[in-house]
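K.L.:
Pasting structure.tsv below, which is TSV, C-alpha atoms and all ligand atoms.
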```tsv
chain	number	residue	atom	x	y	z
A	797	MET	CA	116.32	135.31	-12.81
A	798	PRO	CA	120.03	134.58	-13.40
A	799	GLY	CA	121.42	135.73	-16.73
A	800	SER	CA	123.42	138.35	-18.54
A	801	LEU	CA	122.41	141.91	-19.09
A	802	LYS	CA	123.88	144.29	-21.65
A	803	THR	CA	123.70	147.94	-20.79
A	804	GLU	CA	125.33	151.30	-21.16
A	805	ALA	CA	126.47	152.76	-17.86
A	806	ILE	CA	128.37	155.62	-16.28
A	807	VAL	CA	130.63	154.78	-13.35
A	808	LEU	CA	129.55	157.02	-10.47
A	809	ARG	CA	131.88	155.67	-7.84
A	810	GLY	CA	134.24	152.78	-7.11
A	811	ILE	CA	134.94	151.25	-3.71
A	812	ARG	CA	137.89	148.93	-3.10
A	813	TYR	CA	136.79	145.50	-2.06
A	814	GLY	CA	138.88	142.59	-0.81
A	815	GLU	CA	142.32	141.98	-2.33
A	816	ALA	CA	141.83	143.07	-5.89
A	817	ASP	CA	138.14	143.73	-6.52
A	818	ARG	CA	136.11	146.88	-6.70
A	819	ILE	CA	132.43	147.51	-6.11
A	820	LEU	CA	131.06	149.97	-8.65
A	821	HIS	CA	128.08	152.24	-8.37
A	822	LEU	CA	126.76	152.58	-11.91
A	823	TYR	CA	124.05	154.69	-13.47
A	824	THR	CA	122.23	153.03	-16.36
A	825	PRO	CA	119.52	154.35	-18.70
A	826	ASP	CA	117.05	151.51	-18.14
A	827	ARG	CA	117.67	150.41	-14.57
A	828	GLY	CA	118.81	153.59	-12.88
A	829	ARG	CA	121.47	153.11	-10.25
A	830	VAL	CA	122.88	149.60	-9.86
A	831	SER	CA	125.86	148.13	-8.03
A	832	ALA	CA	128.25	145.66	-9.59
A	833	ILE	CA	131.44	143.93	-8.55
A	834	ALA	CA	134.47	143.97	-10.85
A	835	LYS	CA	136.64	141.02	-9.88
A	836	GLY	CA	140.41	141.33	-10.09
A	837	VAL	CA	140.14	144.85	-11.47
A	838	ARG	CA	142.91	146.19	-9.24
A	839	ARG	CA	145.46	143.66	-10.52
A	840	ALA	CA	148.06	145.04	-12.94
A	841	LYS	CA	147.02	142.59	-15.64
A	842	SER	CA	143.26	142.97	-15.26
A	843	ARG	CA	141.43	142.47	-18.53
A	844	PHE	CA	139.39	145.55	-17.71
A	845	GLY	CA	142.48	147.78	-17.93
A	846	GLY	CA	141.72	151.18	-16.41
A	847	ARG	CA	138.19	151.30	-17.77
A	848	LEU	CA	136.17	150.81	-14.61
A	849	GLU	CA	137.02	154.16	-13.07
A	850	PRO	CA	134.63	156.97	-12.10
A	851	PHE	CA	133.29	159.09	-15.01
A	852	PHE	CA	133.81	156.37	-17.64
A	853	ARG	CA	130.86	155.83	-19.96
A	854	LEU	CA	130.84	152.17	-20.96
A	855	ASN	CA	129.07	149.36	-22.72
A	856	LEU	CA	128.88	146.64	-20.11
A	857	VAL	CA	127.83	143.05	-19.86
A	858	LEU	CA	126.70	142.32	-16.32
A	859	TYR	CA	125.92	138.94	-14.89
A	860	GLN	CA	122.96	138.79	-12.58
A	861	GLY	CA	122.98	135.89	-10.17
A	862	LYS	CA	120.83	135.45	-7.10
A	863	SER	CA	122.13	138.48	-5.23
A	864	ASP	CA	121.37	142.14	-5.96
A	865	LEU	CA	125.04	142.71	-6.67
A	866	LEU	CA	125.75	142.24	-10.38
A	867	THR	CA	129.13	141.07	-11.72
A	868	VAL	CA	130.92	142.88	-14.55
A	869	THR	CA	131.85	140.32	-17.21
A	870	SER	CA	132.86	142.67	-20.01
A	871	ALA	CA	133.47	146.38	-20.46
A	872	GLU	CA	134.00	148.48	-23.56
A	873	THR	CA	134.72	152.21	-23.43
A	874	ILE	CA	132.29	154.65	-25.05
A	875	ALA	CA	133.95	157.72	-23.50
A	876	GLY	CA	136.78	157.75	-20.97
A	877	HIS	CA	136.88	161.56	-20.58
A	878	PRO	CA	140.68	161.80	-20.31
A	879	ARG	CA	140.92	165.60	-20.52
A	880	LEU	CA	138.54	166.09	-17.65
A	881	ARG	CA	140.97	164.17	-15.41
A	882	GLU	CA	143.77	166.67	-16.00
A	883	HIS	CA	141.97	169.57	-14.36
A	884	GLY	CA	141.13	169.80	-10.67
A	885	ALA	CA	137.99	171.89	-11.17
A	886	ALA	CA	136.71	169.53	-13.87
A	887	ILE	CA	137.31	166.44	-11.72
A	888	ASP	CA	135.49	168.16	-8.91
A	889	GLY	CA	132.61	169.13	-11.20
A	890	ALA	CA	132.34	165.58	-12.53
A	891	ALA	CA	132.44	164.12	-9.00
A	892	ARG	CA	129.70	166.48	-7.81
A	893	ALA	CA	127.53	165.65	-10.82
A	894	CYS	CA	127.89	161.89	-10.20
A	895	ASP	CA	127.29	162.33	-6.49
A	896	ALA	CA	124.13	164.38	-7.10
A	897	VAL	CA	122.69	161.74	-9.45
A	898	SER	CA	123.60	158.96	-7.04
A	899	ARG	CA	121.89	160.61	-4.09
A	900	LEU	CA	118.85	161.96	-5.85
A	901	PHE	CA	117.94	158.84	-7.83
A	902	GLY	CA	118.05	155.64	-5.80
A	903	ASP	CA	118.29	152.01	-6.85
A	904	GLY	CA	115.57	150.80	-9.17
A	905	GLU	CA	114.54	154.25	-10.38
A	906	PRO	CA	115.28	154.24	-14.12
A	907	HIS	CA	115.38	157.65	-15.72
A	908	ALA	CA	116.84	157.78	-19.21
A	909	GLY	CA	116.71	161.60	-19.21
A	910	VAL	CA	118.95	161.75	-16.15
A	911	TYR	CA	121.38	159.31	-17.75
A	912	HIS	CA	121.70	161.49	-20.84
A	913	LEU	CA	121.96	164.65	-18.78
A	914	LEU	CA	124.87	163.17	-16.83
A	915	ALA	CA	126.50	161.89	-20.03
A	916	ASN	CA	126.19	165.40	-21.54
A	917	GLN	CA	127.63	167.05	-18.47
A	918	LEU	CA	130.69	164.76	-18.42
A	919	ALA	CA	131.21	165.18	-22.18
A	920	LEU	CA	130.95	168.96	-21.84
A	921	ILE	CA	133.55	169.35	-19.11
A	922	ASP	CA	135.81	166.85	-20.86
A	923	ARG	CA	135.65	168.87	-24.10
A	924	GLU	CA	136.09	172.17	-22.27
A	925	PRO	CA	137.34	171.69	-18.71
A	926	ALA	CA	137.06	175.47	-18.15
A	927	GLN	CA	133.27	175.01	-18.35
A	928	ALA	CA	133.31	173.31	-14.96
A	929	THR	CA	132.22	176.46	-13.17
A	930	ARG	CA	129.90	177.09	-10.25
A	931	ALA	CA	127.28	178.34	-12.73
A	932	ASN	CA	127.55	175.10	-14.72
A	933	ALA	CA	127.21	172.96	-11.57
A	934	LEU	CA	124.08	174.88	-10.56
A	935	ALA	CA	122.57	174.62	-14.04
A	936	PHE	CA	123.12	170.85	-13.85
A	937	ARG	CA	121.43	170.64	-10.45
A	938	LEU	CA	118.47	172.67	-11.70
A	939	LYS	CA	118.02	170.22	-14.57
A	940	LEU	CA	118.15	167.36	-12.07
A	941	LEU	CA	115.42	169.04	-10.03
A	942	LEU	CA	113.34	169.24	-13.18
A	943	ALA	CA	113.92	165.53	-13.91
A	944	ALA	CA	113.10	164.57	-10.34
A	945	GLY	CA	109.83	166.52	-10.43
A	946	PHE	CA	110.84	169.12	-7.84
A	947	LEU	CA	111.16	172.07	-10.16
A	948	PRO	CA	110.42	175.29	-8.23
A	949	GLU	CA	107.81	177.68	-9.59
A	950	LEU	CA	109.64	180.69	-10.99
A	951	SER	CA	107.16	182.68	-13.06
A	952	GLU	CA	104.22	183.09	-10.70
A	953	CYS	CA	103.70	183.20	-6.97
A	954	ALA	CA	103.76	179.60	-5.69
A	955	ARG	CA	101.05	180.51	-3.13
A	956	CYS	CA	98.51	182.70	-4.94
A	957	GLY	CA	99.42	182.20	-8.61
A	958	ARG	CA	99.73	185.90	-9.42
A	959	PRO	CA	102.79	187.29	-11.21
A	960	PRO	CA	105.23	188.07	-8.40
A	961	GLY	CA	106.23	191.45	-9.84
A	962	GLY	CA	109.63	192.53	-11.09
A	963	GLY	CA	112.77	193.08	-9.06
A	964	SER	CA	113.32	191.15	-5.89
A	965	VAL	CA	110.88	188.45	-4.86
A	966	ARG	CA	111.12	185.90	-2.08
A	967	PHE	CA	111.87	182.23	-2.50
A	968	SER	CA	110.29	179.62	-0.27
A	969	SER	CA	111.27	175.95	-0.49
A	970	ALA	CA	108.18	175.04	1.53
A	971	ALA	CA	105.88	176.92	-0.86
A	972	GLY	CA	107.74	175.42	-3.84
A	973	GLY	CA	109.12	178.49	-5.54
A	974	VAL	CA	108.97	182.28	-5.70
A	975	ILE	CA	106.34	184.07	-3.66
A	976	CYS	CA	104.94	187.56	-4.06
A	977	GLY	CA	105.29	190.40	-1.55
A	978	GLU	CA	101.79	189.86	-0.18
A	979	CYS	CA	102.18	186.12	0.41
A	980	GLY	CA	105.85	186.23	1.29
A	981	ALA	CA	106.13	188.35	4.40
A	982	GLY	CA	108.42	186.57	6.83
A	983	ASP	CA	108.78	183.48	4.65
A	984	GLY	CA	111.80	182.29	2.66
A	985	PHE	CA	114.62	184.56	1.56
A	986	SER	CA	115.10	187.35	-0.93
A	987	LEU	CA	115.71	186.23	-4.52
A	988	ASP	CA	116.88	189.03	-6.80
A	989	GLU	CA	116.06	189.24	-10.48
A	990	PRO	CA	119.52	188.08	-11.72
A	991	ALA	CA	119.14	184.87	-9.69
A	992	ARG	CA	115.57	184.23	-10.85
A	993	SER	CA	116.51	184.86	-14.47
A	994	PHE	CA	119.61	182.61	-14.15
A	995	MET	CA	117.35	179.78	-12.99
A	996	ALA	CA	114.84	180.28	-15.80
A	997	THR	CA	117.56	180.45	-18.47
A	998	ALA	CA	119.55	177.51	-17.08
A	999	LEU	CA	116.43	175.34	-17.29
A	1000	SER	CA	115.63	176.18	-20.88
A	1001	ALA	CA	119.16	176.29	-22.37
A	1002	PRO	CA	121.36	173.27	-23.12
A	1003	LEU	CA	124.14	172.80	-20.55
A	1004	LYS	CA	126.77	173.97	-23.02
A	1005	ASP	CA	124.97	177.30	-23.44
A	1006	GLY	CA	124.25	177.74	-19.74
A	1007	PRO	CA	124.03	181.26	-18.34
A	1008	GLU	CA	126.49	183.09	-16.11
A	1009	ALA	CA	125.58	185.35	-13.22
A	1010	PRO	CA	127.39	187.45	-10.63
A	1011	ARG	CA	128.54	185.67	-7.49
A	1012	PRO	CA	125.82	186.98	-5.16
A	1013	ALA	CA	123.15	185.79	-7.62
A	1014	LEU	CA	124.76	182.33	-7.81
A	1015	SER	CA	124.72	182.14	-4.02
A	1016	GLN	CA	120.98	182.83	-4.04
A	1017	VAL	CA	120.47	180.20	-6.73
A	1018	GLU	CA	122.41	177.67	-4.70
A	1019	ARG	CA	120.33	178.47	-1.63
A	1020	ALA	CA	117.12	177.96	-3.63
A	1021	VAL	CA	118.34	174.67	-5.16
A	1022	SER	CA	119.68	173.31	-1.86
A	1023	GLY	CA	116.54	174.35	0.02
A	1024	THR	CA	114.32	172.64	-2.56
A	1025	LEU	CA	116.40	169.43	-2.45
A	1026	GLU	CA	116.40	169.34	1.34
A	1027	TYR	CA	112.74	170.16	1.75
A	1028	HIS	CA	111.27	167.98	-0.98
A	1029	ALA	CA	113.84	165.20	-1.55
A	1030	HIS	CA	115.53	165.14	1.88
A	1031	VAL	CA	118.89	165.21	0.13
A	1032	ARG	CA	121.75	167.46	1.12
A	1033	LEU	CA	124.48	167.95	-1.49
A	1034	ARG	CA	127.96	169.39	-1.05
A	1035	SER	CA	128.18	173.10	-1.80
A	1036	VAL	CA	129.24	173.94	-5.37
A	1037	ALA	CA	131.34	176.92	-4.18
B	1	ZN	ZN	101.26	185.49	-3.73
```
Starting from the coordinates I provided, produce the structure as structure tokens.
Ligand SMILES: [Zn+2]

P.N.:
Amino acid sequence: MPGSLKTEAIVLRGIRYGEADRILHLYTPDRGRVSAIAKGVRRAKSRFGGRLEPFFRLNLVLYQGKSDLLTVTSAETIAGHPRLREHGAAIDGAARACDAVSRLFGDGEPHAGVYHLLANQLALIDREPAQATRANALAFRLKLLLAAGFLPELSECARCGRPPGGGSVRFSSAAGGVICGECGAGDGFSLDEPARSFMATALSAPLKDGPEAPRPALSQVERAVSGTLEYHAHVRLRSVA
């Protein structure tokens, strides 16, 4: 039904279109990912100024006509995240976060929790660009797995349900988490205690208090996260290294 829609949104991505327009991929709390065209936005005197750029959090009015593509009719900045844009690692962290949300949550899948998680992540690395570390990117992905319902089992064997024992366990994306020595022979890969404990802490702590871990542990965490995403969501994300 044609009409106007008011919503908050985060700009995930912008694609040049025609002479002066841009197609935006937006993430909204109530409608999930939507696409909208911003007409004339690339002209020097555009009334949108520089607001419709990736990582902006905005209050938007969108016009919905007959097509799926909405039209931006007004935009007001909630957070432009200017500091984030001055640091290469922070820009990269923000881009990876937006890309992960875009690929994991398709059109028409509203998820207010994911919206707020992304807003928190962008605010965090804008406030402290040095927080855009590999550990932070992995903590964010783990929280996305949780939101998407693909959280791996970490505290008991995903096959038999018994405690997997201390020290090194194995991790199997197919089984859906850690597996004990008896169930795990020949399956998955070795997940050492620092990696398992990083995952557990990252899931329970706010992003700003996320854990750190030595490089080899982070590599194991990334392997577990990537394997889970590929196996269960059929999504392959760029490495956070
Ligand atoms: Zn077992």

K.L.:
Counting all atoms listed in the file, write as a PyMOL selection string all protein and nucleic acid residues lying at most 8 Å from (125.1, 173.0, -20.9) in the file's frame.

P.N.:
chain A and resi 916-917+920+932+935-936+1001-1006

K.L.:
Report as a tab-separated table the residues of chain A within 9 Å of ligand ZN 1 (chain B), each with its shortest atom pair and distance in Å (one decimal), using all atoms listed in the file, ordered by chain and increasing residue number.

P.N.:
```
residue	atom	partner	partner_atom	distance
A:Glu952	CA	B:ZN1	ZN	7.9
A:Cys953	CA	B:ZN1	ZN	4.7
A:Ala954	CA	B:ZN1	ZN	6.7
A:Arg955	CA	B:ZN1	ZN	5.0
A:Cys956	CA	B:ZN1	ZN	4.1
A:Gly957	CA	B:ZN1	ZN	6.2
A:Arg958	CA	B:ZN1	ZN	5.9
A:Pro959	CA	B:ZN1	ZN	7.8
A:Pro960	CA	B:ZN1	ZN	6.7
A:Val974	CA	B:ZN1	ZN	8.6
A:Ile975	CA	B:ZN1	ZN	5.3
A:Cys976	CA	B:ZN1	ZN	4.2
A:Gly977	CA	B:ZN1	ZN	6.7
A:Glu978	CA	B:ZN1	ZN	5.7
A:Cys979	CA	B:ZN1	ZN	4.3
A:Gly980	CA	B:ZN1	ZN	6.8
```

K.L.:
Which one of A:Arg809, A:His1028, A:Arg839, A:Arg853 sits closest to Ala896 (chain A) if you count all atoms listed in the file?

P.N.:
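For Ala896 (chain A), the nearest of the candidates is A:Arg809.
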
K.L.:
Counting all atoms listed in the file, I want the residues whose atoms come within 10 Å of (124.4, 162.4, -9.0) in the file frame, returned as a ChimeraX atom specification.

P.N.:
/A:808,823,829,890-902,910-911,914,936-937,940,1033

K.L.:
Which one is closest to Ser968 (chain A): A:Arg1019, A:Arg879, A:Arg1032, A:Arg847? Count all atoms listed in the file.

P.N.:
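That would be A:Arg1019, the residue with the smallest distance to Ser968 (chain A).
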
K.L.:
For CA of Phe844 (chain A) and CA of Gly909 (chain A), quote the distance in Å rounded to one decimal.

P.N.:
27.8 Å

K.L.:
One decimal, Å: what's the distance from CA of Ile819 (chain A) over to CA of Val807 (chain A), could you say?

P.N.:
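Computing the Euclidean distance for CA of Ile819 (chain A) and CA of Val807 (chain A) yields 10.4 Å.
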
K.L.:
Give me the residues near Ala840 (chain A) as a list in words, where near means some atom within 12 Å (using all atoms listed in the file) and where sequence neighbours in that chain fewer than 4 positions away do not count.

P.N.:
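Near neighbours after the sequence-gap exclusion: Ala816, Asp817, Gly836, Phe844, Gly845 and Gly846 of chain A.
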
K.L.:
What is the distance, in Å and to one decimal place, between CA of Ala981 (chain A) and CA of Tyr1027 (chain A)?

P.N.:
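Separating CA of Ala981 (chain A) from CA of Tyr1027 (chain A) is a distance of 19.5 Å.
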
K.L.:
Looking at A:Glu849, A:Gln860, A:Lys841, A:Gly799, which one is nearest to Arg812 (chain A), with distances taken over only C-alpha atoms?

P.N.:
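Selected residue with least distance to Arg812 (chain A): A:Glu849.
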
K.L.:
Leaving out Ala834 (chain A) and any residue of its chain fewer than 4 positions from it, which residues lie within 10 Å of it when counting all atoms listed in the file, given as a CSV table (one decimal) with C-alpha atoms, keeping the file's coordinate frame?

P.N.:
```csv
chain,number,residue,atom,x,y,z
A,810,GLY,CA,134.2,152.8,-7.1
A,812,ARG,CA,137.9,148.9,-3.1
A,813,TYR,CA,136.8,145.5,-2.1
A,816,ALA,CA,141.8,143.1,-5.9
A,817,ASP,CA,138.1,143.7,-6.5
A,818,ARG,CA,136.1,146.9,-6.7
A,819,ILE,CA,132.4,147.5,-6.1
A,820,LEU,CA,131.1,150.0,-8.6
A,838,ARG,CA,142.9,146.2,-9.2
A,842,SER,CA,143.3,143.0,-15.3
A,844,PHE,CA,139.4,145.6,-17.7
A,848,LEU,CA,136.2,150.8,-14.6
A,858,LEU,CA,126.7,142.3,-16.3
A,866,LEU,CA,125.8,142.2,-10.4
A,867,THR,CA,129.1,141.1,-11.7
A,868,VAL,CA,130.9,142.9,-14.6
A,869,THR,CA,131.8,140.3,-17.2
A,870,SER,CA,132.9,142.7,-20.0
A,871,ALA,CA,133.5,146.4,-20.5
```

K.L.:
So, counting only C-alpha atoms, which residue among A:Thr1024, A:Ser951, A:Ser986, A:Lys835 is closest to Glu815 (chain A)?

P.N.:
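Smallest distance to Glu815 (chain A) is found for A:Lys835.
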
K.L.:
What are the centre and the three edge lengths of an axis-aligned box that wraps all atoms of region 990-1001 of chain A in the file, given that 5 Å is added to every side, written as JSON and rounded to one decimal in Å?

P.N.:
```
{"center_x": 117.2, "center_y": 181.7, "center_z": -16.0, "size_x": 14.8, "size_y": 22.7, "size_z": 22.7}
```
